[in-house]
Amino acid sequence: MLPRFLRHRWQDAAANPGAAAGQSPVRPSPTAETPGATPVPSLASATRDYARALEADTFDRLDSHEVTRLFLGMGPEVWAWQRARRLAGVSPWRASPAFIESGERENAFGQMLRDIPLWERAIATLAAERTRAARYGMPEPAPLIVPPAVTAAIEAQKVAARERALRLRGRGGGDGGGGGPELVPVEPGGGGPGPPRRT
């Protein structure tokens, strides 16, 4: 199983995109039908603006309305993937304006499902940050809200790795190696996530 701090309700991302990005809390925004609602940009525009904010080192200073705008344009799955990429030290993904948006979303979803090592690095980085926060009495970082399909892919990969190791042991092939980094760190305090923090 993934650590408890990675298994929050998926709806939490939509309720508080700033927290899901490790940013400051964001008040629930009006729906697109409500007068004065936050305008929803295209996927290409949202990923472009997000990448520019990171490259200019201004993302952590964006106000809640701009963070919500970017979240609405990307959607929860791409938003979570962008946070994982940031934690793993990988440059943000940009959708191409030259292609149909639905195709770009499908492309992004396929990439995030295939790139399990990136998620594992992000998870390990976040676990280390939480350990440091607990050790030095700092506020703990926001949780990484992993899409359910990615969680299932990580678990399936770990099961397959264990099965390969068992088959190798049965043939006298040694310990069979591991199945990626251990994803069950001890959670400080045993409770829910603390105040969302920027990462």
# chains A, B, ... in the order shown; residues from 1 in each chain; ligands from 1
$ closest_atom_pairs --of "stretch 73-171 of chain A" --to "stretch 51-69 of chain A" --cutoff "8 Å" --atoms "only C-alpha atoms" --output "CSV"
residue,atom,partner,partner_atom,distance
A:Gly73,CA,A:Arg69,CA,6.3
A:Ser91,CA,A:Ala51,CA,8.0
A:Pro92,CA,A:Ala51,CA,5.7
A:Trp93,CA,A:Ala51,CA,7.5
A:Arg94,CA,A:Ala51,CA,7.3
$ atom_distance --atom1 "atom CA of A:Met112" --atom2 "atom CA of A:Glu77"
8.9 Å
$ closest_residue --among "A:Leu87, A:Met74, A:Met138, A:Ala149" --to "A:Gly110" --atoms "only C-alpha atoms"
A:Ala149
$ closest_residue --among "A:Pro141, A:Pro76, A:Pro148, A:Gly103" --to "A:Glu129" --atoms "only C-alpha atoms"
A:Pro141
$ closest_residue --among "A:Ala95, A:Arg162, A:Gly89, A:Trp79" --to "A:Asn107" --atoms "only C-alpha atoms"
A:Ala95
$ atom_distance --atom1 "atom CA of A:Glu104" --atom2 "atom CA of A:Gln82"
14.5 Å
$ residues_around --residues "A:Val40" --least-positions-apart "5" --cutoff "9 Å" --atoms "only C-alpha atoms" --output "ChimeraX atom specification"
/A:32,46,69-73
$ write_last_selection --atoms "N, CA and C atoms" --output "PDB file, in the first residue's frame"
ATOM      1  N   ALA A  32     -18.131  27.331 -13.557  1.00  0.00           N
ATOM      2  CA  ALA A  32     -18.032  28.088 -14.797  1.00  0.00           C
ATOM      3  C   ALA A  32     -19.345  28.787 -15.124  1.00  0.00           C
ATOM      4  N   ALA A  46      -2.758  26.719 -19.861  1.00  0.00           N
ATOM      5  CA  ALA A  46      -2.522  26.477 -18.437  1.00  0.00           C
ATOM      6  C   ALA A  46      -1.138  25.885 -18.195  1.00  0.00           C
ATOM      7  N   ARG A  69      -7.111  29.056 -11.477  1.00  0.00           N
ATOM      8  CA  ARG A  69      -7.241  29.122 -12.938  1.00  0.00           C
ATOM      9  C   ARG A  69      -6.371  28.061 -13.610  1.00  0.00           C
ATOM     10  N   LEU A  70      -5.133  27.928 -13.149  1.00  0.00           N
ATOM     11  CA  LEU A  70      -4.232  26.933 -13.728  1.00  0.00           C
ATOM     12  C   LEU A  70      -4.734  25.514 -13.461  1.00  0.00           C
ATOM     13  N   PHE A  71      -5.237  25.296 -12.244  1.00  0.00           N
ATOM     14  CA  PHE A  71      -5.759  23.976 -11.899  1.00  0.00           C
ATOM     15  C   PHE A  71      -6.949  23.606 -12.788  1.00  0.00           C
ATOM     16  N   LEU A  72      -7.858  24.550 -12.977  1.00  0.00           N
ATOM     17  CA  LEU A  72      -9.036  24.271 -13.790  1.00  0.00           C
ATOM     18  C   LEU A  72      -8.651  23.962 -15.232  1.00  0.00           C
ATOM     19  N   GLY A  73      -7.643  24.658 -15.740  1.00  0.00           N
ATOM     20  CA  GLY A  73      -7.203  24.403 -17.107  1.00  0.00           C
ATOM     21  C   GLY A  73      -6.549  23.050 -17.275  1.00  0.00           C
TER      22      GLY A  73
END
$ residues_around --residues "A:Leu126" --least-positions-apart "3" --cutoff "10 Å" --atoms "only C-alpha atoms" --output "PyMOL selection string"
chain A and resi 5-6+84+87-88+120-123+129-132+140-144+199
$ select_by_dssp --residues "stretch 99-139 of chain A" --states "alpha helix (DSSP H)" --output "PyMOL selection string"
chain A and resi 101-114+116-135
$ write_last_selection --atoms "N, CA and C atoms" --output "CSV table (one decimal), in the first residue's frame"
chain,number,residue,atom,x,y,z
A,101,GLU,N,-7.0,19.2,-27.9
A,101,GLU,CA,-6.8,19.1,-26.4
A,101,GLU,C,-7.1,17.7,-25.9
A,102,SER,N,-8.1,17.1,-26.3
A,102,SER,CA,-8.4,15.7,-25.8
A,102,SER,C,-7.3,14.7,-26.1
A,103,GLY,N,-6.7,14.9,-27.3
A,103,GLY,CA,-5.5,14.0,-27.6
A,103,GLY,C,-4.3,14.3,-26.7
A,104,GLU,N,-4.1,15.6,-26.4
A,104,GLU,CA,-3.0,15.9,-25.5
A,104,GLU,C,-3.2,15.4,-24.1
A,105,ARG,N,-4.5,15.5,-23.7
A,105,ARG,CA,-4.8,14.9,-22.3
A,105,ARG,C,-4.5,13.4,-22.3
A,106,GLU,N,-5.0,12.7,-23.4
A,106,GLU,CA,-4.7,11.3,-23.5
A,106,GLU,C,-3.2,11.0,-23.5
A,107,ASN,N,-2.5,11.8,-24.2
A,107,ASN,CA,-1.0,11.6,-24.3
A,107,ASN,C,-0.4,11.8,-22.9
A,108,ALA,N,-0.8,12.9,-22.2
A,108,ALA,CA,-0.3,13.1,-20.8
A,108,ALA,C,-0.7,12.0,-19.9
A,109,PHE,N,-1.9,11.5,-20.0
A,109,PHE,CA,-2.3,10.4,-19.1
A,109,PHE,C,-1.5,9.1,-19.3
A,110,GLY,N,-1.2,8.9,-20.6
A,110,GLY,CA,-0.4,7.7,-20.9
A,110,GLY,C,1.0,7.8,-20.4
A,111,GLN,N,1.6,9.0,-20.5
A,111,GLN,CA,2.9,9.3,-20.0
A,111,GLN,C,3.0,9.1,-18.5
A,112,MET,N,2.0,9.7,-17.8
A,112,MET,CA,2.0,9.6,-16.3
A,112,MET,C,1.8,8.1,-15.8
A,113,LEU,N,1.1,7.3,-16.6
A,113,LEU,CA,0.9,5.9,-16.2
A,113,LEU,C,2.2,5.1,-16.4
A,114,ARG,N,2.9,5.5,-17.5
A,114,ARG,CA,4.2,4.7,-17.8
A,114,ARG,C,5.3,5.1,-17.0
A,116,ILE,N,6.4,5.4,-13.9
A,116,ILE,CA,6.3,5.1,-12.5
A,116,ILE,C,7.5,5.5,-11.7
A,117,PRO,N,8.7,5.4,-12.3
A,117,PRO,CA,9.9,5.8,-11.6
A,117,PRO,C,9.9,7.3,-11.2
A,118,LEU,N,9.3,8.1,-12.0
A,118,LEU,CA,9.1,9.5,-11.6
A,118,LEU,C,8.3,9.7,-10.4
A,119,TRP,N,7.1,9.0,-10.4
A,119,TRP,CA,6.3,9.1,-9.2
A,119,TRP,C,7.0,8.5,-8.0
A,120,GLU,N,7.8,7.5,-8.1
A,120,GLU,CA,8.5,6.9,-7.0
A,120,GLU,C,9.5,7.9,-6.4
A,121,ARG,N,10.2,8.6,-7.4
A,121,ARG,CA,11.1,9.7,-6.9
A,121,ARG,C,10.4,10.8,-6.2
A,122,ALA,N,9.3,11.2,-6.7
A,122,ALA,CA,8.5,12.3,-6.1
A,122,ALA,C,8.0,11.8,-4.7
A,123,ILE,N,7.6,10.6,-4.6
A,123,ILE,CA,7.1,10.1,-3.3
A,123,ILE,C,8.3,10.0,-2.3
A,124,ALA,N,9.4,9.6,-2.8
A,124,ALA,CA,10.6,9.5,-1.9
A,124,ALA,C,11.0,10.9,-1.4
A,125,THR,N,11.0,11.8,-2.3
A,125,THR,CA,11.4,13.2,-2.0
A,125,THR,C,10.4,13.8,-1.0
A,126,LEU,N,9.1,13.6,-1.2
A,126,LEU,CA,8.1,14.1,-0.2
A,126,LEU,C,8.3,13.4,1.1
A,127,ALA,N,8.5,12.1,1.2
A,127,ALA,CA,8.7,11.4,2.4
A,127,ALA,C,9.9,12.0,3.2
A,128,ALA,N,11.0,12.3,2.4
A,128,ALA,CA,12.2,12.9,3.1
A,128,ALA,C,11.9,14.3,3.6
A,129,GLU,N,11.1,15.0,2.9
A,129,GLU,CA,10.8,16.4,3.3
A,129,GLU,C,9.9,16.3,4.6
A,130,ARG,N,9.0,15.3,4.7
A,130,ARG,CA,8.2,15.2,5.9
A,130,ARG,C,9.0,14.8,7.1
A,131,THR,N,10.0,13.9,6.8
A,131,THR,CA,10.9,13.5,7.9
A,131,THR,C,11.7,14.7,8.4
A,132,ARG,N,12.2,15.5,7.5
A,132,ARG,CA,13.0,16.7,8.0
A,132,ARG,C,12.1,17.6,8.7
A,133,ALA,N,10.9,17.8,8.2
A,133,ALA,CA,9.9,18.7,8.9
A,133,ALA,C,9.7,18.3,10.3
A,134,ALA,N,9.5,16.9,10.5
A,134,ALA,CA,9.2,16.4,11.8
A,134,ALA,C,10.4,16.5,12.7
A,135,ARG,N,11.6,16.3,12.2
A,135,ARG,CA,12.8,16.4,13.0
A,135,ARG,C,13.1,17.8,13.5
$ atom_distance --atom1 "atom CA of A:Ile154" --atom2 "atom CA of A:Arg83"
17.0 Å
